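Undergrad: Here it is, the structure in full.
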Amino acid sequence: MMLLASLLTEPIGVSHYMVVGAVLFTCGVICMATKRNALGVLMGIELVLNGANVNLVALGSPYLRGSEGSLGLDGQLMAMFVIVLAAAEAAVALAIALNFYNSLGSIDIDRADDLKG
Amino acid sequence: MTPESLLPLLLGIAWLLPLASFAMLWIGFSLPFLAGKRPGYGVQKGAAYIAIGAIGSSFVLSLISLIIWLAYHPIAADAHGHAGSIAYSGDFYSWISIGDLHLTIGYYIDALTVAMFTVVTLISTCVHVYSMGYMHEELHDVTDHEVATHGGEFLHRAGRYHRFYQYLSLFSFSMLGLLIAGSLGMVFMFWELVGICSYFLIGFYFERRSASNAANKAFIVNRVGDFGMLIGLMALWSSLGTLQFGDTPAEQGMFSKLRPAAHHHELAPAAMVGESATHESPAHEMANESAHADSEESSEGQPGYLLLFVGGVGIFCGCVGKSAQFPLHTWLPDAMEGPTPVSALVHSATMVAAGVYLVGRCYPIFVPEALLVIATVGAITLFLAATVAITAYDIKRVLAFSTISQLGYMMLALGLGGWLAGLFHLVTHAFFKSLLFLCSGSVIHAVHTNDMRQMGGLRHKMPWTAYTMLVGCLAIIGAGFPMWGWGLSGYFSKDSIIEQAWSFSIASPSPTYSLLLWLPLISAAITACYMFRLWYMTFTGEPANIEKYEHAHESPRSMVAPLVLLATLAVVAGWSIPFTGGLSLPAVLEQARPAGTLETTSGHWLTGLTIPDEHMSHAPEIKEPAGWAAFGCALGGLLLATMTYVWRWLRAEEVQDSFAPIHRLLSNGWWFDQIYDWMFVKTALLKSKFFAGIDRYVIDPLANGIARTLTVLAKLLDRVVDRGAVDGSLNGLASQTWNLGNSLHRLQTGRLRQYVLFLVLGTLGLFVAASLCWKYALAG
């Protein structure tokens with residue numbers, strides 16, 4: 001709490017972005033864990049990925065950490081990769097969801113337990 | 001050329017010719033035979049010609065040697081051997097030389113060697129020629145009616161003509177080698193060769209069980225004697241350092257060491273001690289000299305005397321085996337299983353003669369007590385064998401026991417100091433015994449049986465055989481006229497033995513020693529009795545078996561010719577040749593008399609024992625009564641046989657019945673075979689049974705027990721360790737893994753949301769754990 005409280009008094013820095021990222025991440029996770037709709041789960045995944053992207057960009061930015069602590073453009077590049085992969089993943093996941101719907105007539109993922117042990 | 005270089009050459013060639021014949025027959029006949037290519041039977045006849053050619057040439061060479069010998073060493077009227085014998089010795093070939101041990105193929109040639117060479121090659125030639133007729137059956141395939149095969153038929157086998165001649169050649173070679181041998185080591189080598197040849201020949205019909213048993217028996221019994229001989233050889237070699245008979249340029253021989261010329265050829269047992277001292281003391285020269293100096297006063301008190309006794313008796317042991325003396329005589333009757341010509345050769349000139357010859361050859365080394373042993377054994381043998389011969393019905397067994405008996409006479413004569421008498425009898429006996437055997441072979445050839453009860457009246461059918469055999473019988477009983485001093489060969493040699501025994505009983509007057517006179521006299525009567533019993537039963541009277549009588553016929557010329565030759569020799573061998581200045585067989589042998597053996601000697605341990613000088617037996621007061629006694633005994637035996645078998649005053653069966661126990665004792669050969677069976681065979685079997693019992697009931701259970709315990713232990717280990725520990729742990733691990741898998745599969749719910757939750761919780765958990773560990777790691 002003391003840590004979070006001290007954030008309010010400090011100028012905007014990496015920590016703030018990371019808090020935002022963490023919030024996004026947590027929201028995404030909760031969304032994935034609670035949504036029964038497959039598209040909702042996909043949205044949760046997007047949130048998680050973008051939470052991570054925020055962290056990557058924040059950690060990679062020289063404006064936020066100073067040039068000595070910078071990782072150069074690495075963070076941004078990773079974020080670009082993640083975005084690209086997320087797009088591809090979303091396309092694949094949508095295809096899965098369509099097939100899922102075609103076979104079961106619904107996109108409730110709780111019904112997808114054919115692989116249980 | 002001097003005889004010194006000529007004689008070894010001639011006799012050496014005569015000796016090697018039979019070996020060459022043996023080798024030729026082996027390469028030419030036996031090798032192809034082994035390879036399965038049997039030479040044609042026409043070709044096999046060639047084997048006989050090769051062997052006869054070889055032994056015949058040997059005979060010619062020996063005869064030439066004898067003539068050369070006589071030409072260079074004429075018989076002097078009074079050459080009574082006082083100067084010692086003339087002998088040539090040397091080496092053909094040095095075989096082994098290690099330290100003090102020199103084994104050479106050497107020669108020792110004296111009149112005895114030359115005479116024996118002539119006799120042996122002559123008889124061997126006769127036997128070779130005779131065998132051409134006798135063994136002709138072996139030229140074809142033979143059906144042996146005494147051997148039944150498993151199929152119930154008689155054995156049918158290939159003839160072994162060539163093999164017979166091969167063995168005969170080797171036999172002759174061995175005997176000649178024994179005669180020419182220059183040292184006791186070489187004698188022993190050929191001694192064993194003679195033994196193995198007799199083994200081959202006695203076992204010639206080896207498919208017959210009896211024949212192979214007889215061959216084994218001859219061989220094994222001889223080994224017993226040879227064991228004693230080895231002890232004797234060791235005693236002599238270790239103490240004298242040499243086994244050479246004569247002197248060679250390199251070293252002094254046994255004879256001159258034991259009987260140094262400086263001491264008038266008297267036996268010097270100190271020499272034995274002197275030589276053994278050389279191995280201990282560096283100053284052996286001095287020791288030797290002092291020993292020689294001492295020998296004047298106390299030579300017989302030395303331990304050398306005992307060694308000499310042991311050496312002499314040991315060598316005699318070998319002779320007991322070879323010459324079938326008591327108690328090793330049992331092999332000779334069994335040796336009749338060989339073909340009859342072999343019996344003739346074994347019994348006259350080769351095997352059994354070897355023993356007597358060796359005693360004669362080694363005569364200088366015998367101390368009086370050893371001579372007494374020889375005489376005693378000879379006396380027992382001659383009596384024992386004669387009594388057995390009188391009950392035998394097998395014609396060859398009669399002759400076999402007769403041989404044993406006659407060999408006993410020779411040993412007796414040698415033991416009583418009659419060196420010449422013994423060897424003279426050896427030669428004359430060789431002639432008439434081979435004659436008798438060949439005659440019996442001729443009879444067997446005609447009637448195909450050995451049993452005299454199946455014969456009778458055969459003189460009408462085979463006159464040559466009958467009358468030559470009659471000559472042999474007369475010769476062996478010593479027929480002659482003491483008044484005129486005329487007789488057959490056996491008369492001279494046997495009378496000289498009786499004379500020597502008579503002379504001995506005068507020189508050593510003691511009731512025990514007088515047995516050595518009475519036994520030969522009684523046995524002379526028995527000899528006459530059984531020989532004429534044999535002749536009457538075979539050739540006179542009515543034919544006992546008409547069928548066999550009708551079948552009988554005179555033998556072929558190749559068999560009769562040797563008979564006639566041998567019969568002639570059996571008559572004249574004892575005579576001196578007129579117009580040659582007393583040239584006769586004993587005169588020739590006398591030239592070989594070892595130096596110093598013509599003295600009257602007394603025993604050292606047995607002081608009552610006196611071995612008389614042999615010439616003393618020629619004194620008229622001994623010669624005449626002894627001659628008449630021998631004549632009377634022989635005549636008595638002859639009359640007894642005539643009464644029983646011609647005039648039929650006595651019926652043999654009745655006599656047999658009234659003396660049934662004695663007859664049983666005699667016809668079983670004094671139970672010797674049974675005694676040996678009981679003493680040696682049975683005890684050996686008993687012992688082996690005992691040890692087999694230990695094996696079976698102690699060692700086997702022990703081993704089995706150990707094995708069983710080990711099995712149980714192994715099973716236990718298997719169950720506990722292998723099954724329990726090893727298998728169990730592995731199985732346990734497997735089932736644990738299985739259970740784990742089973743329990744873990746419930747986690748696989750297939751619910752995606754749950755998975756996400758787990759992922760998050762897991763990550764968080766990891767994060768917490770890692771940060772905690774991180775913190776502590778940093779702190780540490």
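Residue names in the structure tokens use chain letters A, B, ... in the order shown, residue numbers from 1 in each chain, and ligand numbers from 1 in the order shown.
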Kindly provide the residues of chain A that approach chain B to within 10 Å, each paired with its closest atom pair and their distance in Å to one decimal, based on only C-alpha atoms, listed by chain and increasing number, as a Markdown table.
TA:
```
| residue | atom | partner | partner_atom | distance |
| --- | --- | --- | --- | --- |
| A:Thr26 | CA | B:Val760 | CA | 9.6 |
| A:Val29 | CA | B:Val756 | CA | 7.5 |
| A:Ile30 | CA | B:Leu757 | CA | 8.5 |
| A:Cys31 | CA | B:Arg753 | CA | 9.4 |
| A:Met32 | CA | B:Arg753 | CA | 6.4 |
| A:Ala33 | CA | B:Arg753 | CA | 4.5 |
| A:Thr34 | CA | B:Arg753 | CA | 6.7 |
| A:Lys35 | CA | B:Arg753 | CA | 7.9 |
| A:Arg36 | CA | B:Arg753 | CA | 8.0 |
| A:Val41 | CA | B:Arg753 | CA | 8.7 |
| A:Ile109 | CA | B:Leu752 | CA | 7.0 |
| A:Asp110 | CA | B:Arg751 | CA | 5.9 |
| A:Arg111 | CA | B:Arg751 | CA | 8.2 |
| A:Ala112 | CA | B:Gly750 | CA | 7.0 |
| A:Asp113 | CA | B:Gly750 | CA | 4.2 |
| A:Asp114 | CA | B:Gly750 | CA | 6.6 |
| A:Leu115 | CA | B:Gly750 | CA | 5.4 |
| A:Lys116 | CA | B:Gly750 | CA | 4.1 |
| A:Gly117 | CA | B:Gln748 | CA | 4.5 |
```
Undergrad: Mind writing the picked residues with N, CA, C and O atoms as a short mmCIF file (atom, residue, chain, number, x, y, z; two decimals), in the first residue's frame?
TA:
```cif
data_model
loop_
_atom_site.label_atom_id
_atom_site.label_comp_id
_atom_site.auth_asym_id
_atom_site.auth_seq_id
_atom_site.Cartn_x
_atom_site.Cartn_y
_atom_site.Cartn_z
N THR A 26 -4.15 -8.14 -15.22
CA THR A 26 -5.06 -8.76 -14.26
C THR A 26 -6.48 -8.82 -14.83
O THR A 26 -7.15 -9.85 -14.72
N VAL A 29 -6.65 -11.51 -17.30
CA VAL A 29 -6.65 -12.84 -16.68
C VAL A 29 -8.03 -13.14 -16.12
O VAL A 29 -8.57 -14.24 -16.31
N ILE A 30 -8.55 -12.18 -15.43
CA ILE A 30 -9.87 -12.39 -14.84
C ILE A 30 -10.89 -12.66 -15.93
O ILE A 30 -11.73 -13.55 -15.82
N CYS A 31 -10.77 -11.89 -17.01
CA CYS A 31 -11.69 -12.07 -18.13
C CYS A 31 -11.58 -13.48 -18.68
O CYS A 31 -12.58 -14.16 -18.91
N MET A 32 -10.32 -13.99 -18.83
CA MET A 32 -10.11 -15.33 -19.36
C MET A 32 -10.68 -16.38 -18.41
O MET A 32 -11.23 -17.40 -18.84
N ALA A 33 -10.53 -16.09 -17.13
CA ALA A 33 -10.92 -17.10 -16.15
C ALA A 33 -12.42 -17.16 -15.96
O ALA A 33 -12.96 -18.16 -15.56
N THR A 34 -13.08 -16.06 -16.23
CA THR A 34 -14.50 -16.03 -15.89
C THR A 34 -15.42 -16.15 -17.10
O THR A 34 -16.54 -16.66 -16.98
N LYS A 35 -15.00 -15.65 -18.25
CA LYS A 35 -15.89 -15.65 -19.42
C LYS A 35 -16.09 -17.08 -19.92
O LYS A 35 -15.13 -17.85 -20.04
N ARG A 36 -17.37 -17.45 -20.23
CA ARG A 36 -17.64 -18.74 -20.84
C ARG A 36 -17.71 -18.59 -22.35
O ARG A 36 -17.57 -19.55 -23.07
N VAL A 41 -13.13 -14.73 -23.95
CA VAL A 41 -11.79 -15.25 -23.58
C VAL A 41 -10.75 -14.64 -24.49
O VAL A 41 -9.68 -14.22 -24.04
N ILE A 109 -17.09 -22.28 -23.96
CA ILE A 109 -15.87 -23.10 -23.89
C ILE A 109 -15.96 -24.19 -22.81
O ILE A 109 -15.19 -25.13 -22.81
N ASP A 110 -16.88 -24.04 -21.90
CA ASP A 110 -17.00 -25.10 -20.90
C ASP A 110 -17.48 -26.41 -21.53
O ASP A 110 -17.31 -27.46 -20.94
N ARG A 111 -18.05 -26.29 -22.71
CA ARG A 111 -18.47 -27.53 -23.37
C ARG A 111 -17.30 -28.19 -24.12
O ARG A 111 -17.45 -29.29 -24.65
N ALA A 112 -16.19 -27.50 -24.14
CA ALA A 112 -15.05 -28.08 -24.87
C ALA A 112 -14.14 -28.88 -23.91
O ALA A 112 -13.01 -28.49 -23.63
N ASP A 113 -14.76 -29.93 -23.35
CA ASP A 113 -13.92 -30.71 -22.41
C ASP A 113 -13.68 -32.14 -22.92
O ASP A 113 -13.53 -33.08 -22.17
N ASP A 114 -13.63 -32.26 -24.26
CA ASP A 114 -13.40 -33.60 -24.83
C ASP A 114 -12.02 -34.16 -24.48
O ASP A 114 -11.79 -35.36 -24.50
N LEU A 115 -11.09 -33.29 -24.17
CA LEU A 115 -9.71 -33.75 -23.91
C LEU A 115 -9.43 -33.99 -22.43
O LEU A 115 -8.28 -34.14 -22.04
N LYS A 116 -10.52 -34.04 -21.62
CA LYS A 116 -10.23 -34.18 -20.19
C LYS A 116 -9.66 -35.56 -19.87
O LYS A 116 -9.92 -36.53 -20.60
N GLY A 117 -8.89 -35.68 -18.80
CA GLY A 117 -8.16 -36.91 -18.49
C GLY A 117 -9.06 -38.01 -17.96
O GLY A 117 -10.20 -37.78 -17.58
#
```
Undergrad: Applying 9 Å and only C-alpha atoms, which residues near Ala23 of chain B remain after dropping the ones on its own chain fewer than 5 positions away? List them as a list in words.
TA: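 In the requested form, the answer reads Pro18, Gly28, Gln166 and Leu170 of chain B.
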Undergrad: Please return as a ChimeraX atom specification: the residues of segment 431-488 of chain B that backbone DSSP assigns to alpha helix (DSSP H).
TA: /B:431-447,463-476
Undergrad: Just to be explicit: take each residue in the selection above, keep N, CA, C and O atoms, and write the result as a CSV table (one decimal), in the first residue's frame.
TA:
```csv
chain,number,residue,atom,x,y,z
B,431,PHE,N,68.7,-125.6,-29.0
B,431,PHE,CA,68.5,-126.5,-30.2
B,431,PHE,C,67.3,-127.5,-30.0
B,431,PHE,O,66.4,-127.6,-30.8
B,432,PHE,N,67.4,-128.2,-28.9
B,432,PHE,CA,66.4,-129.3,-28.8
B,432,PHE,C,65.0,-128.7,-28.4
B,432,PHE,O,64.0,-129.3,-28.7
B,433,LYS,N,65.0,-127.6,-27.7
B,433,LYS,CA,63.7,-127.1,-27.3
B,433,LYS,C,63.0,-126.5,-28.5
B,433,LYS,O,61.8,-126.7,-28.8
B,434,SER,N,63.8,-125.8,-29.4
B,434,SER,CA,63.1,-125.3,-30.6
B,434,SER,C,62.7,-126.4,-31.5
B,434,SER,O,61.6,-126.4,-32.1
B,435,LEU,N,63.5,-127.5,-31.5
B,435,LEU,CA,63.1,-128.7,-32.3
B,435,LEU,C,61.8,-129.2,-31.7
B,435,LEU,O,60.9,-129.5,-32.5
B,436,LEU,N,61.7,-129.4,-30.4
B,436,LEU,CA,60.5,-130.0,-29.8
B,436,LEU,C,59.3,-129.1,-30.1
B,436,LEU,O,58.2,-129.6,-30.5
B,437,PHE,N,59.5,-127.8,-30.0
B,437,PHE,CA,58.3,-127.0,-30.3
B,437,PHE,C,57.9,-127.0,-31.7
B,437,PHE,O,56.7,-127.0,-32.0
B,438,LEU,N,58.9,-127.0,-32.6
B,438,LEU,CA,58.5,-127.0,-34.0
B,438,LEU,C,57.8,-128.4,-34.4
B,438,LEU,O,56.9,-128.4,-35.2
B,439,CYS,N,58.3,-129.4,-33.7
B,439,CYS,CA,57.7,-130.7,-33.9
B,439,CYS,C,56.2,-130.7,-33.4
B,439,CYS,O,55.3,-131.1,-34.1
B,440,SER,N,56.0,-130.1,-32.3
B,440,SER,CA,54.7,-130.1,-31.7
B,440,SER,C,53.8,-129.2,-32.6
B,440,SER,O,52.6,-129.5,-32.9
B,441,GLY,N,54.4,-128.1,-33.2
B,441,GLY,CA,53.7,-127.3,-34.1
B,441,GLY,C,53.3,-128.1,-35.4
B,441,GLY,O,52.2,-128.0,-35.9
B,442,SER,N,54.2,-129.0,-35.8
B,442,SER,CA,53.9,-129.8,-36.9
B,442,SER,C,52.7,-130.7,-36.6
B,442,SER,O,51.8,-130.9,-37.5
B,443,VAL,N,52.7,-131.3,-35.4
B,443,VAL,CA,51.6,-132.2,-35.0
B,443,VAL,C,50.3,-131.4,-35.0
B,443,VAL,O,49.3,-131.8,-35.5
B,444,ILE,N,50.4,-130.2,-34.4
B,444,ILE,CA,49.2,-129.4,-34.2
B,444,ILE,C,48.7,-129.0,-35.6
B,444,ILE,O,47.5,-129.1,-35.9
B,445,HIS,N,49.6,-128.7,-36.5
B,445,HIS,CA,49.2,-128.4,-37.8
B,445,HIS,C,48.5,-129.5,-38.5
B,445,HIS,O,47.6,-129.3,-39.3
B,446,ALA,N,48.9,-130.7,-38.2
B,446,ALA,CA,48.3,-131.9,-38.8
B,446,ALA,C,46.9,-132.3,-38.2
B,446,ALA,O,46.0,-132.6,-38.9
B,447,VAL,N,46.8,-132.2,-36.9
B,447,VAL,CA,45.6,-132.7,-36.3
B,447,VAL,C,44.7,-131.6,-35.7
B,447,VAL,O,43.6,-131.8,-35.3
B,463,PRO,N,56.1,-139.6,-40.0
B,463,PRO,CA,57.4,-140.2,-39.5
B,463,PRO,C,58.5,-139.2,-39.2
B,463,PRO,O,59.2,-139.2,-38.2
B,464,TRP,N,58.6,-138.2,-40.1
B,464,TRP,CA,59.7,-137.3,-40.0
B,464,TRP,C,59.5,-136.5,-38.6
B,464,TRP,O,60.5,-136.4,-37.9
B,465,THR,N,58.3,-136.0,-38.4
B,465,THR,CA,58.1,-135.3,-37.2
B,465,THR,C,58.3,-136.2,-36.0
B,465,THR,O,58.9,-135.8,-35.0
B,466,ALA,N,57.8,-137.4,-36.1
B,466,ALA,CA,57.8,-138.3,-34.9
B,466,ALA,C,59.3,-138.6,-34.5
B,466,ALA,O,59.7,-138.5,-33.4
B,467,TYR,N,60.1,-138.9,-35.5
B,467,TYR,CA,61.5,-139.3,-35.1
B,467,TYR,C,62.4,-138.2,-34.8
B,467,TYR,O,63.3,-138.3,-34.0
B,468,THR,N,62.2,-137.0,-35.5
B,468,THR,CA,62.9,-135.9,-35.1
B,468,THR,C,62.5,-135.5,-33.6
B,468,THR,O,63.4,-135.1,-32.8
B,469,MET,N,61.3,-135.6,-33.3
B,469,MET,CA,60.8,-135.3,-32.0
B,469,MET,C,61.4,-136.3,-31.0
B,469,MET,O,61.8,-135.9,-29.9
B,470,LEU,N,61.5,-137.5,-31.4
B,470,LEU,CA,62.1,-138.5,-30.5
B,470,LEU,C,63.6,-138.1,-30.2
B,470,LEU,O,64.0,-138.2,-29.0
B,471,VAL,N,64.3,-137.6,-31.2
B,471,VAL,CA,65.6,-137.2,-31.0
B,471,VAL,C,65.6,-136.0,-29.9
B,471,VAL,O,66.4,-136.0,-29.0
B,472,GLY,N,64.7,-135.1,-30.1
B,472,GLY,CA,64.6,-134.0,-29.2
B,472,GLY,C,64.3,-134.5,-27.8
B,472,GLY,O,64.9,-134.0,-26.8
B,473,CYS,N,63.4,-135.5,-27.6
B,473,CYS,CA,63.1,-136.0,-26.3
B,473,CYS,C,64.3,-136.6,-25.7
B,473,CYS,O,64.6,-136.4,-24.5
B,474,LEU,N,65.0,-137.4,-26.5
B,474,LEU,CA,66.2,-138.1,-26.0
B,474,LEU,C,67.3,-137.0,-25.5
B,474,LEU,O,67.9,-137.2,-24.5
B,475,ALA,N,67.4,-136.0,-26.3
B,475,ALA,CA,68.3,-134.9,-26.0
B,475,ALA,C,68.0,-134.2,-24.7
B,475,ALA,O,68.8,-134.0,-23.9
B,476,ILE,N,66.7,-133.9,-24.5
B,476,ILE,CA,66.3,-133.2,-23.4
B,476,ILE,C,66.5,-134.0,-22.1
B,476,ILE,O,66.8,-133.4,-21.0
```
Undergrad: Can you tell me, as a ChimeraX atom specification, what residues are no more than 7 Å from Gly28 of chain A when counting only C-alpha atoms, ignoring any on the same chain fewer than 3 positions away?
TA: /A:24-25,31-32,44-45,47-48
Undergrad: Which residues in segment 488-654 of chain B does DSSP call strand (DSSP E)? List them as a ChimeraX atom specification.
TA: /B:576-577,583-584,601-602,610-611
Undergrad: For the residues in that selection, give me N, CA and C atoms as a short mmCIF file (atom, residue, chain, number, x, y, z; two decimals), in the first residue's frame.
TA:
```
data_model
loop_
_atom_site.label_atom_id
_atom_site.label_comp_id
_atom_site.auth_asym_id
_atom_site.auth_seq_id
_atom_site.Cartn_x
_atom_site.Cartn_y
_atom_site.Cartn_z
N SER B 576 82.76 -132.73 -29.45
CA SER B 576 83.89 -131.93 -29.92
C SER B 576 84.24 -132.40 -31.32
N ILE B 577 84.59 -131.45 -32.15
CA ILE B 577 84.83 -131.77 -33.55
C ILE B 577 86.19 -132.43 -33.68
N LEU B 583 88.08 -128.66 -30.51
CA LEU B 583 87.12 -127.60 -30.75
C LEU B 583 85.71 -128.11 -30.43
N SER B 584 85.08 -127.47 -29.46
CA SER B 584 83.72 -127.87 -29.11
C SER B 584 83.01 -126.65 -28.53
N THR B 601 84.90 -119.76 -3.89
CA THR B 601 84.67 -118.60 -3.02
C THR B 601 83.72 -119.00 -1.90
N SER B 602 83.85 -118.29 -0.82
CA SER B 602 82.96 -118.55 0.31
C SER B 602 82.10 -117.33 0.57
N THR B 610 79.99 -122.38 0.30
CA THR B 610 81.19 -122.39 -0.54
C THR B 610 80.78 -122.69 -1.97
N ILE B 611 81.10 -121.77 -2.85
CA ILE B 611 80.82 -121.99 -4.27
C ILE B 611 82.08 -122.57 -4.87
#
```
Undergrad: B:Gly487, B:Phe680, B:Ser617, B:Gln454: which is nearest Glu547 of chain B, counting only C-alpha atoms?
TA: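 Of all the options, B:Gln454 lies closest to Glu547 of chain B.
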Undergrad: For a test of reading the model, state the distance in Å between atom CA of Glu4 of chain B and atom CA of Asp91 of chain B, rounded to one decimal.
TA: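 One can read the atom CA of Glu4 of chain B to atom CA of Asp91 of chain B distance as 12.3 Å.
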Undergrad: If you measure from atom CA of Met537 of chain B to atom CA of Phe481 of chain B, what distance in Å do you get, rounded to one decimal?
TA: 26.0 Å
Undergrad: Show which residues sit within 7 Å of segment 587-591 of chain B, as an MDAnalysis selection string. Count only C-alpha atoms, and ignore same-chain residues fewer than 3 positions away.
TA: chainID B and resid 75 81 85 111:112 420 583:584
Undergrad: May I have the selected residues written with N, CA and C atoms, as a compact mmCIF listing (two decimals), in the first residue's frame?
TA:
```txt
# COMPACT_ATOMS: atom_id res chain seq x y z
N ILE B 75 91.54 -122.55 -29.83
CA ILE B 75 91.28 -123.19 -28.54
C ILE B 75 92.57 -123.83 -28.07
N GLY B 81 90.86 -120.26 -18.87
CA GLY B 81 90.24 -118.99 -18.53
C GLY B 81 90.87 -118.25 -17.37
N SER B 85 88.79 -113.47 -19.96
CA SER B 85 88.28 -113.65 -21.30
C SER B 85 88.81 -112.56 -22.21
N ALA B 111 83.58 -114.47 -26.83
CA ALA B 111 83.20 -115.76 -27.44
C ALA B 111 81.72 -116.04 -27.19
N LEU B 112 81.23 -115.66 -26.02
CA LEU B 112 79.82 -115.91 -25.69
C LEU B 112 78.92 -115.17 -26.67
N LEU B 420 79.92 -122.27 -16.96
CA LEU B 420 79.95 -122.92 -18.25
C LEU B 420 78.79 -123.89 -18.40
N LEU B 583 88.08 -128.66 -30.51
CA LEU B 583 87.12 -127.60 -30.75
C LEU B 583 85.71 -128.11 -30.43
N SER B 584 85.08 -127.47 -29.46
CA SER B 584 83.72 -127.87 -29.11
C SER B 584 83.01 -126.65 -28.53
```
Undergrad: Quick check, in Å to one decimal: how far apart do atom CA of Leu686 of chain B and atom CA of Cys317 of chain B lie?
TA: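 Going from atom CA of Leu686 of chain B over to atom CA of Cys317 of chain B, I get 27.8 Å.
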Undergrad: Determine, counting only C-alpha atoms, which protein, DNA and RNA residues have an atom within 8 Å of an atom of segment 95-98 of chain A; residues of the same chain fewer than 4 positions away are not included. Present the result as number ranges by chain.
TA: A: 38-39, 91, 102, 107
